[in-house]
file run.txt (compact mmCIF, C-alpha atoms)
# COMPACT_ATOMS: atom_id res chain seq x y z
CA MET A 1 48.28 5.22 -10.44
CA THR A 2 44.84 5.04 -12.02
CA ALA A 3 41.94 4.75 -9.57
CA VAL A 4 39.73 1.70 -9.95
CA ASN A 5 35.98 2.29 -9.83
CA LEU A 6 34.58 -0.26 -7.40
CA GLY A 7 30.99 0.83 -7.98
CA ILE A 8 30.69 2.22 -4.47
CA PRO A 9 28.18 5.11 -4.17
CA THR A 10 29.96 8.41 -3.64
CA LYS A 11 27.10 9.82 -1.61
CA ARG A 12 26.66 8.16 1.77
CA HIS A 13 23.14 7.77 3.14
CA ASP A 14 21.48 8.27 -0.23
CA HIS A 15 18.29 6.23 0.14
CA GLU A 16 17.13 6.69 -3.45
CA ILE A 17 17.30 3.50 -5.48
CA GLU A 18 16.64 2.77 -9.11
CA PRO A 19 13.26 1.16 -9.84
CA LEU A 20 13.30 -2.53 -10.71
CA ALA A 21 11.58 -1.84 -14.02
CA PRO A 22 10.07 1.13 -15.86
CA ARG A 23 6.40 1.59 -15.10
CA LYS A 24 4.01 0.67 -17.88
CA GLN A 25 2.38 3.85 -19.14
CA THR A 26 -1.35 3.53 -18.60
CA ARG A 27 -4.22 5.96 -18.97
CA GLN A 28 -4.43 8.38 -16.07
CA LEU A 29 -7.46 8.90 -13.86
CA ASN A 30 -8.18 11.54 -11.26
CA VAL A 31 -9.78 9.81 -8.29
CA GLY A 32 -10.90 12.64 -6.06
CA GLY A 33 -7.58 14.44 -6.42
CA VAL A 34 -5.39 11.32 -6.32
CA LEU A 35 -3.90 10.59 -9.74
CA VAL A 36 -3.91 6.92 -10.72
CA GLY A 37 -1.95 5.62 -13.71
CA GLY A 38 0.00 7.53 -16.30
CA GLY A 39 3.19 7.43 -14.25
CA ALA A 40 1.61 8.81 -11.08
CA PRO A 41 2.96 7.39 -7.80
CA ILE A 42 1.37 4.08 -6.84
CA SER A 43 -1.36 4.73 -4.29
CA VAL A 44 -2.39 2.60 -1.32
CA GLN A 45 -6.04 1.81 -0.68
CA SER A 46 -8.05 0.06 1.99
CA MET A 47 -11.70 -0.59 2.83
CA THR A 48 -13.69 0.24 5.92
CA THR A 49 -15.12 -2.58 8.02
CA THR A 50 -17.88 -0.50 9.62
CA ARG A 51 -21.46 -0.38 8.46
CA THR A 52 -21.45 2.54 6.06
CA SER A 53 -24.82 3.64 7.43
CA ASP A 54 -23.04 4.30 10.75
CA ILE A 55 -21.60 7.58 9.56
CA GLY A 56 -19.70 8.43 12.74
CA ALA A 57 -17.96 5.06 12.99
CA THR A 58 -17.14 5.04 9.29
CA LEU A 59 -15.63 8.53 9.35
CA GLN A 60 -13.64 7.63 12.47
CA GLN A 61 -12.17 4.60 10.74
CA ILE A 62 -11.40 6.65 7.64
CA ALA A 63 -9.54 9.13 9.85
CA GLU A 64 -7.48 6.29 11.34
CA LEU A 65 -6.70 4.97 7.87
CA THR A 66 -5.72 8.44 6.68
CA ALA A 67 -3.34 8.86 9.62
CA THR A 68 -1.71 5.52 8.71
CA GLY A 69 -1.05 6.62 5.12
CA CYS A 70 -4.12 5.41 3.24
CA GLN A 71 -4.77 7.53 0.14
CA ILE A 72 -8.07 6.15 -1.16
CA VAL A 73 -10.75 4.36 0.86
CA ARG A 74 -13.59 2.11 -0.27
CA VAL A 75 -16.89 1.75 1.59
CA ALA A 76 -19.49 -0.98 1.12
CA CYS A 77 -22.96 -0.06 -0.07
CA PRO A 78 -25.25 -3.11 0.22
CA THR A 79 -28.39 -1.29 1.47
CA GLN A 80 -30.37 1.89 0.93
CA ASP A 81 -29.30 3.16 4.36
CA ASP A 82 -25.69 2.82 3.25
CA ALA A 83 -26.43 4.65 0.02
CA ASP A 84 -28.10 7.45 1.97
CA ALA A 85 -24.97 7.88 4.09
CA LEU A 86 -22.59 8.25 1.14
CA LYS A 87 -23.11 11.97 0.61
CA VAL A 88 -22.05 12.93 4.14
CA ILE A 89 -19.15 10.47 4.18
CA ALA A 90 -17.82 11.56 0.77
CA LYS A 91 -17.99 15.20 1.82
CA GLN A 92 -16.37 14.83 5.24
CA SER A 93 -13.71 12.23 4.47
CA GLN A 94 -10.15 13.54 4.31
CA ILE A 95 -9.35 11.16 1.43
CA PRO A 96 -11.28 10.14 -1.71
CA VAL A 97 -14.14 7.70 -1.09
CA ILE A 98 -15.01 4.89 -3.50
CA ALA A 99 -18.42 3.24 -3.24
CA ASP A 100 -18.34 -0.55 -3.52
CA ILE A 101 -21.42 -1.77 -5.38
CA HIS A 102 -22.74 -5.31 -5.72
CA PHE A 103 -26.10 -6.79 -6.75
CA GLN A 104 -28.12 -3.55 -7.18
CA PRO A 105 -27.30 -1.18 -10.07
CA LYS A 106 -29.43 1.56 -8.48
CA TYR A 107 -26.71 2.09 -5.88
CA VAL A 108 -24.24 2.96 -8.64
CA PHE A 109 -26.35 6.00 -9.48
CA ALA A 110 -26.78 6.81 -5.80
CA ALA A 111 -23.01 6.81 -5.31
CA ILE A 112 -22.44 9.05 -8.32
CA ASP A 113 -25.14 11.46 -7.11
CA ALA A 114 -23.57 11.46 -3.62
CA GLY A 115 -20.28 12.77 -5.01
CA CYS A 116 -18.14 9.69 -4.43
CA ALA A 117 -14.69 9.97 -5.98
CA ALA A 118 -15.23 6.73 -7.91
CA VAL A 119 -17.47 3.68 -8.01
CA ARG A 120 -16.39 0.06 -7.98
CA VAL A 121 -18.76 -2.29 -9.80
CA ASN A 122 -18.67 -6.07 -9.80
CA PRO A 123 -20.15 -7.10 -13.15
CA GLY A 124 -20.31 -10.73 -12.09
CA ASN A 125 -23.07 -10.20 -9.54
CA ILE A 126 -24.95 -7.03 -10.48
CA LYS A 127 -28.34 -7.93 -11.89
CA GLN A 128 -28.74 -7.05 -15.56
CA PHE A 129 -25.55 -5.01 -15.37
CA ASP A 130 -24.74 -5.18 -19.08
CA ASP A 131 -28.16 -3.70 -19.91
CA ARG A 132 -27.50 -0.69 -17.67
CA VAL A 133 -23.99 0.19 -18.84
CA GLY A 134 -25.23 2.98 -21.12
CA GLU A 135 -27.06 4.72 -18.28
CA ILE A 136 -24.14 4.23 -15.89
CA ALA A 137 -21.64 5.53 -18.44
CA LYS A 138 -23.69 8.67 -19.05
CA ALA A 139 -24.16 9.40 -15.34
CA ALA A 140 -20.48 8.79 -14.60
CA LYS A 141 -19.32 10.90 -17.54
CA ASP A 142 -21.61 13.80 -16.60
CA ALA A 143 -20.32 13.74 -13.03
CA GLY A 144 -16.68 13.07 -13.92
CA THR A 145 -16.72 9.89 -11.84
CA PRO A 146 -14.27 7.08 -12.72
CA ILE A 147 -15.45 3.48 -12.63
CA ARG A 148 -13.46 0.50 -11.39
CA ILE A 149 -14.40 -2.76 -13.02
CA GLY A 150 -13.65 -5.18 -10.22
CA VAL A 151 -13.64 -8.82 -11.29
CA ASN A 152 -13.30 -11.37 -8.49
CA ALA A 153 -12.68 -15.09 -8.74
CA GLY A 154 -15.39 -15.75 -6.16
CA SER A 155 -18.10 -13.91 -8.06
CA LEU A 156 -17.20 -14.49 -11.69
CA ASP A 157 -19.96 -14.29 -14.27
CA LYS A 158 -21.63 -17.70 -14.59
CA ARG A 159 -21.25 -17.63 -18.36
CA LEU A 160 -17.49 -17.48 -18.03
CA LEU A 161 -17.43 -20.15 -15.35
CA GLN A 162 -19.24 -22.44 -17.76
CA LYS A 163 -16.85 -21.57 -20.57
CA TYR A 164 -13.60 -22.04 -18.63
CA GLY A 165 -14.70 -24.44 -15.89
CA LYS A 166 -13.22 -22.25 -13.13
CA ALA A 167 -11.80 -18.80 -12.50
CA THR A 168 -8.70 -19.05 -14.70
CA PRO A 169 -6.53 -16.04 -15.55
CA GLU A 170 -8.08 -16.04 -19.02
CA ALA A 171 -11.62 -16.05 -17.56
CA LEU A 172 -10.89 -13.12 -15.25
CA VAL A 173 -9.34 -11.07 -18.04
CA GLU A 174 -12.12 -11.85 -20.53
CA SER A 175 -14.71 -10.72 -18.01
CA ALA A 176 -12.92 -7.44 -17.34
CA LEU A 177 -12.25 -6.57 -20.96
CA TRP A 178 -15.79 -7.48 -22.00
CA GLU A 179 -17.23 -5.04 -19.49
CA ALA A 180 -14.71 -2.38 -20.46
CA SER A 181 -15.75 -2.79 -24.10
CA LEU A 182 -19.37 -2.11 -23.16
CA PHE A 183 -18.35 1.19 -21.59
CA GLU A 184 -16.18 2.00 -24.59
CA GLU A 185 -19.24 1.63 -26.83
CA HIS A 186 -20.63 4.64 -24.96
CA ASP A 187 -17.33 6.54 -25.25
CA PHE A 188 -16.53 6.11 -21.58
CA ARG A 189 -12.91 5.32 -20.72
CA ASP A 190 -12.38 6.68 -17.22
CA ILE A 191 -11.88 3.11 -16.10
CA LYS A 192 -9.49 1.18 -13.92
CA ILE A 193 -9.56 -2.59 -13.66
CA SER A 194 -8.86 -5.29 -11.11
CA VAL A 195 -8.84 -9.06 -11.62
CA LYS A 196 -8.43 -10.51 -8.15
CA HIS A 197 -7.88 -14.10 -7.11
CA ASN A 198 -6.96 -15.66 -3.77
CA ASP A 199 -4.11 -17.62 -5.37
CA PRO A 200 -1.12 -15.30 -5.99
CA VAL A 201 0.05 -17.39 -8.96
CA VAL A 202 -3.30 -17.14 -10.75
CA MET A 203 -3.57 -13.48 -9.82
CA VAL A 204 -0.12 -12.64 -11.23
CA LYS A 205 -0.84 -14.48 -14.49
CA ALA A 206 -4.17 -12.66 -14.82
CA TYR A 207 -2.65 -9.20 -14.38
CA ARG A 208 0.14 -10.00 -16.84
CA LEU A 209 -2.43 -10.99 -19.45
CA LEU A 210 -4.54 -7.94 -18.71
CA SER A 211 -1.56 -5.58 -18.91
CA GLU A 212 -0.70 -6.95 -22.36
CA GLN A 213 -4.22 -6.36 -23.64
CA CYS A 214 -5.22 -2.94 -22.34
CA GLU A 215 -3.88 0.45 -21.30
CA TYR A 216 -6.26 1.03 -18.40
CA PRO A 217 -4.70 1.62 -14.97
CA LEU A 218 -4.67 -1.54 -12.88
CA HIS A 219 -5.68 -1.93 -9.25
CA LEU A 220 -3.69 -4.81 -7.73
CA GLY A 221 -5.06 -7.14 -5.07
CA VAL A 222 -4.94 -10.71 -3.84
CA THR A 223 -8.53 -11.17 -2.73
CA GLU A 224 -9.34 -13.02 0.50
CA ALA A 225 -5.60 -13.23 1.14
CA GLY A 226 -6.16 -14.53 4.67
CA PRO A 227 -5.02 -13.66 8.23
CA ALA A 228 -2.34 -11.02 8.74
CA PHE A 229 0.77 -13.19 8.37
CA GLN A 230 -0.43 -15.32 5.46
CA GLY A 231 -2.09 -12.40 3.69
CA THR A 232 1.00 -10.25 4.02
CA ILE A 233 3.21 -12.92 2.46
CA LYS A 234 0.79 -13.65 -0.39
CA SER A 235 0.30 -9.95 -1.17
CA ALA A 236 4.00 -9.12 -0.96
CA ALA A 237 4.90 -12.01 -3.26
CA ALA A 238 2.24 -11.17 -5.85
CA PHE A 239 2.72 -7.40 -5.77
CA GLY A 240 6.50 -7.80 -5.87
CA ALA A 241 6.29 -9.94 -8.99
CA LEU A 242 4.01 -7.51 -10.82
CA LEU A 243 5.47 -4.21 -9.64
CA SER A 244 8.96 -5.44 -10.52
CA GLU A 245 7.66 -5.73 -14.10
CA GLY A 246 6.17 -2.22 -14.05
CA ILE A 247 2.59 -3.53 -13.73
CA GLY A 248 0.23 -1.88 -11.27
CA ASP A 249 -0.98 1.65 -10.49
CA THR A 250 -2.75 1.34 -7.13
CA ILE A 251 -2.85 -1.45 -4.54
CA ARG A 252 -4.97 -2.87 -1.76
CA VAL A 253 -3.69 -5.51 0.64
CA SER A 254 -6.65 -7.64 1.75
CA LEU A 255 -6.18 -9.00 5.28
CA SER A 256 -8.39 -10.59 7.89
CA ALA A 257 -7.13 -7.88 10.22
CA PRO A 258 -7.90 -4.24 11.07
CA PRO A 259 -7.76 -2.07 7.92
CA VAL A 260 -4.87 0.02 9.27
CA GLU A 261 -2.74 -3.13 9.08
CA GLU A 262 -3.54 -3.39 5.36
CA VAL A 263 -2.26 0.14 4.85
CA LYS A 264 0.93 -0.45 6.84
CA VAL A 265 1.72 -3.54 4.78
CA GLY A 266 0.91 -1.80 1.51
CA ASN A 267 3.14 1.15 2.29
CA GLN A 268 5.95 -1.14 3.40
CA ILE A 269 5.76 -3.15 0.18
CA LEU A 270 6.09 0.02 -1.90
CA GLU A 271 8.94 1.34 0.24
CA SER A 272 10.78 -1.98 0.07
CA LEU A 273 10.60 -1.94 -3.73
CA GLY A 274 11.79 1.66 -3.95
CA LEU A 275 8.42 2.80 -5.29
CA ARG A 276 7.84 5.21 -2.44
CA GLU A 277 10.23 7.29 -0.36
CA ARG A 278 11.25 5.17 2.56
CA GLY A 279 10.24 6.32 6.01
CA LEU A 280 11.68 4.80 9.15
CA GLU A 281 13.63 1.67 8.20
CA ILE A 282 15.04 -0.65 10.83
CA VAL A 283 18.01 -2.71 9.66
CA SER A 284 18.53 -5.50 12.19
CA CYS A 285 20.33 -8.81 12.09
CA PRO A 286 18.50 -12.13 12.52
CA SER A 287 20.83 -12.97 15.42
CA CYS A 288 23.08 -16.00 15.58
CA GLY A 289 25.62 -17.65 17.87
CA ARG A 290 27.90 -14.60 17.48
CA ALA A 291 25.38 -12.21 19.04
CA GLN A 292 26.36 -10.96 22.47
CA VAL A 293 23.23 -8.88 23.14
CA ASP A 294 19.49 -9.55 22.89
CA VAL A 295 19.01 -8.39 19.29
CA TYR A 296 15.34 -9.38 19.08
CA THR A 297 14.33 -7.26 22.07
CA LEU A 298 16.50 -4.31 21.04
CA ALA A 299 15.04 -4.22 17.52
CA GLU A 300 11.45 -4.48 18.78
CA GLN A 301 11.96 -1.76 21.38
CA VAL A 302 13.65 0.62 18.95
CA THR A 303 10.88 0.05 16.38
CA ALA A 304 8.18 0.70 18.98
CA GLY A 305 9.98 3.73 20.40
CA LEU A 306 10.35 5.40 17.00
CA GLU A 307 6.84 4.67 15.72
CA GLY A 308 5.43 7.78 14.12
CA LEU A 309 8.82 9.38 13.39
CA PRO A 310 7.98 11.40 10.26
CA VAL A 311 11.35 11.30 8.47
CA PRO A 312 13.15 8.86 6.16
CA LEU A 313 15.69 7.39 8.56
CA ARG A 314 17.65 4.13 8.40
CA VAL A 315 18.47 2.74 11.84
CA ALA A 316 20.75 -0.30 12.16
CA VAL A 317 20.43 -2.53 15.24
CA MET A 318 23.24 -5.07 15.01
CA GLY A 319 24.24 -7.79 17.46
CA CYS A 320 27.89 -8.61 16.81
CA VAL A 321 31.19 -7.24 15.57
CA VAL A 322 31.21 -9.10 12.22
CA ASN A 323 28.66 -7.16 10.16
CA GLY A 324 27.62 -4.74 12.89
CA PRO A 325 30.12 -1.89 12.43
CA GLY A 326 29.72 -1.87 8.65
CA GLU A 327 25.91 -1.83 8.74
CA ALA A 328 25.82 0.75 11.53
CA ARG A 329 28.29 2.97 9.67
CA GLU A 330 26.25 2.90 6.46
CA ALA A 331 22.97 3.71 8.23
CA ASP A 332 21.92 7.18 9.35
CA LEU A 333 22.02 5.90 12.90
CA GLY A 334 23.04 2.56 14.32
CA VAL A 335 24.52 0.40 17.01
CA ALA A 336 27.14 -2.32 16.75
CA SER A 337 26.92 -4.45 19.88
CA GLY A 338 29.24 -6.79 21.72
CA ASN A 339 30.02 -7.89 25.28
CA GLY A 340 26.89 -6.23 26.63
CA ARG A 341 27.78 -2.83 25.21
CA GLY A 342 27.01 -0.93 22.04
CA GLN A 343 28.92 1.51 19.85
CA ILE A 344 26.52 4.21 18.67
CA PHE A 345 27.08 5.50 15.13
CA VAL A 346 25.58 8.71 13.72
CA LYS A 347 26.14 9.43 10.03
CA GLY A 348 29.01 6.97 9.90
CA GLU A 349 30.88 8.17 12.98
CA VAL A 350 31.09 6.58 16.44
CA ILE A 351 29.78 9.12 18.94
CA ARG A 352 29.75 7.05 22.13
CA THR A 353 29.70 3.61 23.69
CA VAL A 354 26.89 2.71 26.06
CA PRO A 355 25.88 -0.35 28.08
CA GLU A 356 23.20 -2.62 26.63
CA SER A 357 20.62 -1.20 29.03
CA GLN A 358 21.04 2.26 27.44
CA ILE A 359 21.15 1.30 23.76
CA VAL A 360 17.43 1.77 23.09
CA GLU A 361 17.05 5.13 24.81
CA THR A 362 20.24 6.42 23.19
CA LEU A 363 19.14 5.42 19.70
CA ILE A 364 15.73 7.04 20.23
CA GLU A 365 17.34 10.26 21.50
CA GLU A 366 19.74 10.43 18.57
CA ALA A 367 16.95 9.66 16.10
CA VAL A 368 14.89 12.52 17.51
CA LYS A 369 17.91 14.85 17.19
CA LEU A 370 18.31 13.91 13.54
CA ALA A 371 14.60 14.40 12.91
CA GLU A 372 14.72 17.84 14.51
CA GLN A 373 17.73 18.77 12.39
CA MET A 374 15.67 17.80 9.35
CA GLY A 375 12.92 20.16 10.47
CA ALA A 376 10.39 17.43 11.17
CA GLU A 377 7.19 18.05 13.11
CA LEU A 378 7.49 15.41 15.81
CA PRO A 379 4.61 13.53 17.41
CA GLU A 380 3.95 14.68 20.96
CA GLU A 381 5.28 11.47 22.51
CA LEU A 382 8.72 12.01 20.89
CA ARG A 383 9.15 15.69 21.72
CA GLY A 384 11.75 16.49 24.34
CA LEU A 385 13.54 13.14 24.04
CA ALA A 386 16.71 14.54 22.48
CA GLY A 387 18.31 15.54 25.76
CA PRO A 388 21.99 15.00 26.63
CA VAL A 389 23.18 11.47 27.28
CA VAL A 390 26.01 10.67 29.69
CA LYS A 391 28.89 9.05 27.85
CA VAL A 392 29.99 5.62 29.08
CA HIS A 393 33.52 4.43 28.22

call {"tool": "encode", "arguments": {"input": "run.txt", "output": "structure tokens"}}
result
Amino acid sequence: MTAVNLGIPTKRHDHEIEPLAPRKQTRQLNVGGVLVGGGAPISVQSMTTTRTSDIGATLQQIAELTATGCQIVRVACPTQDDADALKVIAKQSQIPVIADIHFQPKYVFAAIDAGCAAVRVNPGNIKQFDDRVGEIAKAAKDAGTPIRIGVNAGSLDKRLLQKYGKATPEALVESALWEASLFEEHDFRDIKISVKHNDPVVMVKAYRLLSEQCEYPLHLGVTEAGPAFQGTIKSAAAFGALLSEGIGDTIRVSLSAPPVEEVKVGNQILESLGLRERGLEIVSCPSCGRAQVDVYTLAEQVTAGLEGLPVPLRVAVMGCVVNGPGEAREADLGVASGNGRGQIFVKGEVIRTVPESQIVETLIEEAVKLAEQMGAELPEELRGLAGPVVKVH
């Protein structure tokens, strides 16, 4: 009898998935050691909220961002005191530092002289910017410093506002490409571009237009996206649309929330789209009338208990016997619950049954065992948690 191929993966627990679309091949930049564009992995950025002139506070926040998975950080530079602090911050930061420049072109030169990994300029609000492009291009080229042309809907050049009436996708793209052309006149092409808008629909249309018309790497962002929940949804929707078309080389999620939350969301978006190796992934059901345990609490407690686990691990927390066994069996580790008890699965096999009160601690212990078997360096709070568990039948 001939076997029928049902399309089922032959390798269980293989977390690698095919990308939604091939990445568009853009020019590649080296931003302080992080490659951007040209097929390099998509990087996650954020921006400090401290006063840059407060060097200690800024470096502390950069360290927190680094620990959360941020790869490039931007710092504001609105004053001379901030400009004076850039040299120390750029030298001591664990990740590349980009100086964010508005209004005063002199701070562009200060940032380049300070050794910043890149400089972001906003051509819409820098005084006489077009007249200084030649000087900026020469200084940046001599220092090997890339430039991000960052066009924002809220600070679009007045000439383009008059032409288009508002910040349309076409207006944003025209602004960006005009400024890029000025740099090109001086044979400077170490450029990446962003065209941000607070409306995800406008933002997506702008990046699609821009991607069609240039080969520069693109920095994605929904500007002023809003509080954590709203901003997360808007960013995920916009980034998902563009990244699924292969558009985008580096991202920043803009939230009215602590910067570490931006990084967590950014990393999760990339992991969810298969654009970054997945770390800890909790698969949990939404609960329904079939659930016979408190799924919400179990999922929250398992997530909190495994925070910081440094391995790609899929953990299924399921509340009933309909989908529970199947999901738990396909995960690295899981529980299928019913009647106040839970069957614990490890690598597809049931290893024990425990009462609901022991599900969380058992899953954490088994997760730590798996991490240790994978040779992971565990955070201090998780060490020693893989002790024996009494079986309950």

call {"tool": "closest_residue", "arguments": {"input": "run.txt", "among": "A:Asp82, A:Asp187, A:Glu330, A:Glu377", "to": "Val350 (chain A)", "atoms": "all atoms listed in the file"}}
result
A:Glu330

call {"tool": "residues_around", "arguments": {"input": "run.txt", "residues": "Cys116 (chain A)", "least_positions_apart": "5", "cutoff": "9 Å", "atoms": "all atoms listed in the file", "output": "list in words"}}
result
Gly32, Leu86, Lys87, Ile89, Ala90, Lys91, Pro96, Val97, Ile98, Ala99, Ala111 and Thr145 of chain A

call {"tool": "write_last_selection", "arguments": {"input": "run.txt", "atoms": "C-alpha atoms", "output": "PDB file, in the coordinates of the input"}}
result
ATOM      1  CA  GLY A  32     -10.900  12.640  -6.060  1.00  0.00           C
ATOM      2  CA  LEU A  86     -22.590   8.250   1.140  1.00  0.00           C
ATOM      3  CA  LYS A  87     -23.110  11.970   0.610  1.00  0.00           C
ATOM      4  CA  ILE A  89     -19.150  10.470   4.180  1.00  0.00           C
ATOM      5  CA  ALA A  90     -17.820  11.560   0.770  1.00  0.00           C
ATOM      6  CA  LYS A  91     -17.990  15.200   1.820  1.00  0.00           C
ATOM      7  CA  PRO A  96     -11.280  10.140  -1.710  1.00  0.00           C
ATOM      8  CA  VAL A  97     -14.140   7.700  -1.090  1.00  0.00           C
ATOM      9  CA  ILE A  98     -15.010   4.890  -3.500  1.00  0.00           C
ATOM     10  CA  ALA A  99     -18.420   3.240  -3.240  1.00  0.00           C
ATOM     11  CA  ALA A 111     -23.010   6.810  -5.310  1.00  0.00           C
ATOM     12  CA  THR A 145     -16.720   9.890 -11.840  1.00  0.00           C
TER      13      THR A 145
END

call {"tool": "residues_around", "arguments": {"input": "run.txt", "residues": "region 206-219 of chain A", "least_positions_apart": "2", "cutoff": "7 Å", "atoms": "all atoms listed in the file", "output": "ChimeraX atom specification"}}
result
/A:26-28,36-37,169-170,172-173,191-195,202-204,221,247-251

call {"tool": "closest_residue", "arguments": {"input": "run.txt", "among": "A:Val222, A:Ala238, A:Ile359, A:Val119", "to": "Gly154 (chain A)", "atoms": "all atoms listed in the file"}}
result
A:Val222

call {"tool": "residues_near_point", "arguments": {"input": "run.txt", "point": "(13.9, -7.6, 22.5)", "cutoff": "12 Å", "atoms": "all atoms listed in the file", "output": "list in words"}}
result
Ser284, Pro286, Ser287, Val293, Asp294, Val295, Tyr296, Thr297, Leu298, Ala299, Glu300, Gln301, Val302, Thr303, Ala304, Val317, Gly319, Glu356, Ser357, Ile359 and Val360 of chain A

call {"tool": "closest_residue", "arguments": {"input": "run.txt", "among": "A:Leu255, A:Val346, A:Ala336, A:Val73", "to": "Val31 (chain A)", "atoms": "only C-alpha atoms"}}
result
A:Val73

call {"tool": "residues_around", "arguments": {"input": "run.txt", "residues": "Gly231 (chain A)", "least_positions_apart": "6", "cutoff": "12 Å", "atoms": "all atoms listed in the file", "output": "ChimeraX atom specification"}}
result
/A:198-200,221-225,237-239,252-257,261-262,265-266

call {"tool": "atom_distance", "arguments": {"input": "run.txt", "atom1": "CA of His197 (chain A)", "atom2": "CA of Lys166 (chain A)"}}
result
11.5 Å

call {"tool": "closest_residue", "arguments": {"input": "run.txt", "among": "A:Asn122, A:Gln80, A:Gln373, A:Ser93", "to": "Ala176 (chain A)", "atoms": "all atoms listed in the file"}}
result
A:Asn122

call {"tool": "residues_near_point", "arguments": {"input": "run.txt", "point": "(-30.9, 1.6, 4.5)", "cutoff": "12 Å", "atoms": "only C-alpha atoms", "output": "list in words"}}
result
Arg51, Thr52, Ser53, Asp54, Cys77, Pro78, Thr79, Gln80, Asp81, Asp82, Ala83, Asp84, Ala85, Leu86 and Tyr107 of chain A

call {"tool": "write_last_selection", "arguments": {"input": "run.txt", "atoms": "C-alpha atoms", "output": "PDB file, keeping the file's coordinate frame"}}
result
ATOM      1  CA  ARG A  51     -21.460  -0.380   8.460  1.00  0.00           C
ATOM      2  CA  THR A  52     -21.450   2.540   6.060  1.00  0.00           C
ATOM      3  CA  SER A  53     -24.820   3.640   7.430  1.00  0.00           C
ATOM      4  CA  ASP A  54     -23.040   4.300  10.750  1.00  0.00           C
ATOM      5  CA  CYS A  77     -22.960  -0.060  -0.070  1.00  0.00           C
ATOM      6  CA  PRO A  78     -25.250  -3.110   0.220  1.00  0.00           C
ATOM      7  CA  THR A  79     -28.390  -1.290   1.470  1.00  0.00           C
ATOM      8  CA  GLN A  80     -30.370   1.890   0.930  1.00  0.00           C
ATOM      9  CA  ASP A  81     -29.300   3.160   4.360  1.00  0.00           C
ATOM     10  CA  ASP A  82     -25.690   2.820   3.250  1.00  0.00           C
ATOM     11  CA  ALA A  83     -26.430   4.650   0.020  1.00  0.00           C
ATOM     12  CA  ASP A  84     -28.100   7.450   1.970  1.00  0.00           C
ATOM     13  CA  ALA A  85     -24.970   7.880   4.090  1.00  0.00           C
ATOM     14  CA  LEU A  86     -22.590   8.250   1.140  1.00  0.00           C
ATOM     15  CA  TYR A 107     -26.710   2.090  -5.880  1.00  0.00           C
TER      16      TYR A 107
END

call {"tool": "closest_residue", "arguments": {"input": "run.txt", "among": "A:Leu182, A:Ala76, A:Val368, A:Leu382", "to": "Arg132 (chain A)", "atoms": "all atoms listed in the file"}}
result
A:Leu182

call {"tool": "axis_aligned_box", "arguments": {"input": "run.txt", "around": "region 133-143 of chain A", "padding_each_side": "5 Å", "output": "JSON"}}
result
{"center_x": -23.2, "center_y": 7.0, "center_z": -17.1, "size_x": 17.7, "size_y": 23.6, "size_z": 18.1}

call {"tool": "atom_distance", "arguments": {"input": "run.txt", "atom1": "CA of Pro105 (chain A)", "atom2": "CA of Val121 (chain A)"}}
result
8.6 Å

call {"tool": "atom_distance", "arguments": {"input": "run.txt", "atom1": "CA of Thr50 (chain A)", "atom2": "CA of Glu271 (chain A)"}}
result
28.5 Å

call {"tool": "closest_residue", "arguments": {"input": "run.txt", "among": "A:Gly305, A:Thr232, A:Gly115, A:Ser337", "to": "Val263 (chain A)", "atoms": "only C-alpha atoms"}}
result
A:Thr232

call {"tool": "residues_around", "arguments": {"input": "run.txt", "residues": "His186 (chain A)", "least_positions_apart": "2", "cutoff": "9 Å", "atoms": "all atoms listed in the file", "output": "list of chain:residue names"}}
result
A:Val133, A:Gly134, A:Ala137, A:Lys138, A:Ser181, A:Leu182, A:Phe183, A:Glu184, A:Phe188, A:Arg189
